[in-house]
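Accompanying notes for the structure given below.
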Amino acid sequence: MDHLQIHKVLSGDPDAFRYFIKKYNKMAFAVAVSIVKDQQAAEECVQDAFFKAYKNLKNFQKESKFGSWLYSIVKNEALYYLKKQSKHTIDFLPEMNEDLADESQLLTLEKYQQNQLIHTALRQLPAQEHQMLYMFYLEQMSIKEISKFTGKSESSIKVLLHRGRKHMLTLINRSTQL
C-alpha cells in the first residue's frame, strides 16, 4: 500500500501524502519524544520530518520500507533539534492552593507527583528504552507493530522493554528514597 501511495504523490497528487501522516504520525512522535524528551519539541521534529520526507520522496529507495526511511528522518530531525538546544528546561510543580484540606486537591497533588516521578524517570532512560516503553505503553503498539516500524527484531524489542522497566523501577526507587 505504501508504494501505491508513493506513486500517487510522485504523480502529482499531494493529498496522497496524508496517508503517510495518518499511518506513521504516532510512531514518528514516539521516536521523536524518546530523543528530545519534550512533547512540543517532538511535535515540531515530526512536522519537520514529514515535510522533509515529502520533499525528498523522489529519492526514496523503493526496495526499502517507507516506515524505516521515515524513522531515520525523524531520528535525524530530533538529534538536530537537540544539537540546536543550548539550555535545558526545568519542570516546576504548579502552584497549589494553600488550603489543601480538600481531599480531592490532595489526591490531585498526589497523582500529579506520581506522574511527575514517572515522567522524570522516563526522561532519564536511554533513548531506545524510552522509545520502546513509550510506543508499547503510551501508544499501545504491539511488539509486532514496533518491530515493523523500527526494523528491530521482536526479541530485541522485548529485551529493551525488559531493561527499560527495570531501569525505570530503579530510577523511581532512587527518587522516592531521597
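Chain lettering (A, B, ...) mirrors the order of the C-alpha cells, residue numbering begins at 1 for each chain separately, and ligand numbering begins at 1 in order of display.
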
Q.
Set the distance at 8 Å and use only C-alpha atoms: which residues neighbour range 129-137 of chain A once local chain neighbours fewer than 6 positions away are removed? I'd like the list as a PyMOL selection string.
A. chain A and resi 27+30-31+33-35+122-123+143+146+157+160-161+163-165

Can I get the selection written as an mmCIF file, in the first residue's frame, with C-alpha atoms?
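So part.cif came out as:
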```
data_model
loop_
_atom_site.group_PDB
_atom_site.id
_atom_site.type_symbol
_atom_site.label_atom_id
_atom_site.label_comp_id
_atom_site.auth_asym_id
_atom_site.auth_seq_id
_atom_site.Cartn_x
_atom_site.Cartn_y
_atom_site.Cartn_z
ATOM 1 C CA MET A 27 5.113 6.112 15.670
ATOM 2 C CA ALA A 30 7.184 8.169 19.773
ATOM 3 C CA VAL A 31 10.613 8.217 18.155
ATOM 4 C CA VAL A 33 9.769 12.216 22.050
ATOM 5 C CA SER A 34 12.116 9.400 23.074
ATOM 6 C CA ILE A 35 15.026 11.504 21.862
ATOM 7 C CA LEU A 122 11.261 8.216 31.610
ATOM 8 C CA ARG A 123 13.356 11.210 30.564
ATOM 9 C CA ILE A 143 5.638 -5.700 19.684
ATOM 10 C CA ILE A 146 7.065 -1.727 16.873
ATOM 11 C CA ILE A 157 12.298 -5.131 21.483
ATOM 12 C CA LEU A 160 14.679 -3.304 25.554
ATOM 13 C CA LEU A 161 11.228 -3.303 27.196
ATOM 14 C CA ARG A 163 15.613 -3.370 30.536
ATOM 15 C CA GLY A 164 13.520 -0.207 30.355
ATOM 16 C CA ARG A 165 11.083 -1.449 33.013
#
```

Q. Nearest to Ser68 in chain A: which of A:Leu117, A:Met1, A:His162, A:Ala28 is it, counting only C-alpha atoms?
A.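 Selected residue with least distance to Ser68 in chain A: A:Ala28.
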
Q: Excluding Gln5 in chain A and residues on its chain fewer than 6 positions from it, collect all residues at most 12 Å away from it, counting only C-alpha atoms, and give them as a VMD selection string.
A: chain A and resid 11 to 21 23 54 57 62 66

Q. Near Val46 in chain A, within 7 Å and counting only C-alpha atoms, which residues show up once chain neighbours fewer than 2 positions away are dropped, as a list in words?
A.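 Listed by chain and then number, they are Ala28, Phe29, Ala32, Ala42, Glu43, Glu44, Asp48, Ala49, Phe50 and Val74 of chain A.
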
Restricted to C-alpha atoms, what would the selected residues look like written as a compact mmCIF listing (two decimals), in the first residue's frame?
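What ended up in part_14.txt:
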```txt
# COMPACT_ATOMS: atom_id res chain seq x y z
CA ALA A 28 7.10 9.13 14.45
CA PHE A 29 6.06 11.04 17.55
CA ALA A 32 10.97 11.99 18.45
CA ALA A 42 8.79 16.24 19.41
CA GLU A 43 5.74 17.53 17.52
CA GLU A 44 7.96 20.11 15.83
CA ASP A 48 9.78 18.86 10.02
CA ALA A 49 10.44 15.18 9.30
CA PHE A 50 7.20 14.75 7.35
CA VAL A 74 12.60 11.61 12.39
```

Q. Quick one: distance from CA of Ile118 in chain A to CA of Lys83 in chain A in Å, one decimal?
A. 25.4 Å

**Q.** Nearest candidate to Leu82 in chain A (options A:Leu169, A:Lys8, A:Lys37, A:Gly151; using only C-alpha atoms)
**A.** A:Lys37
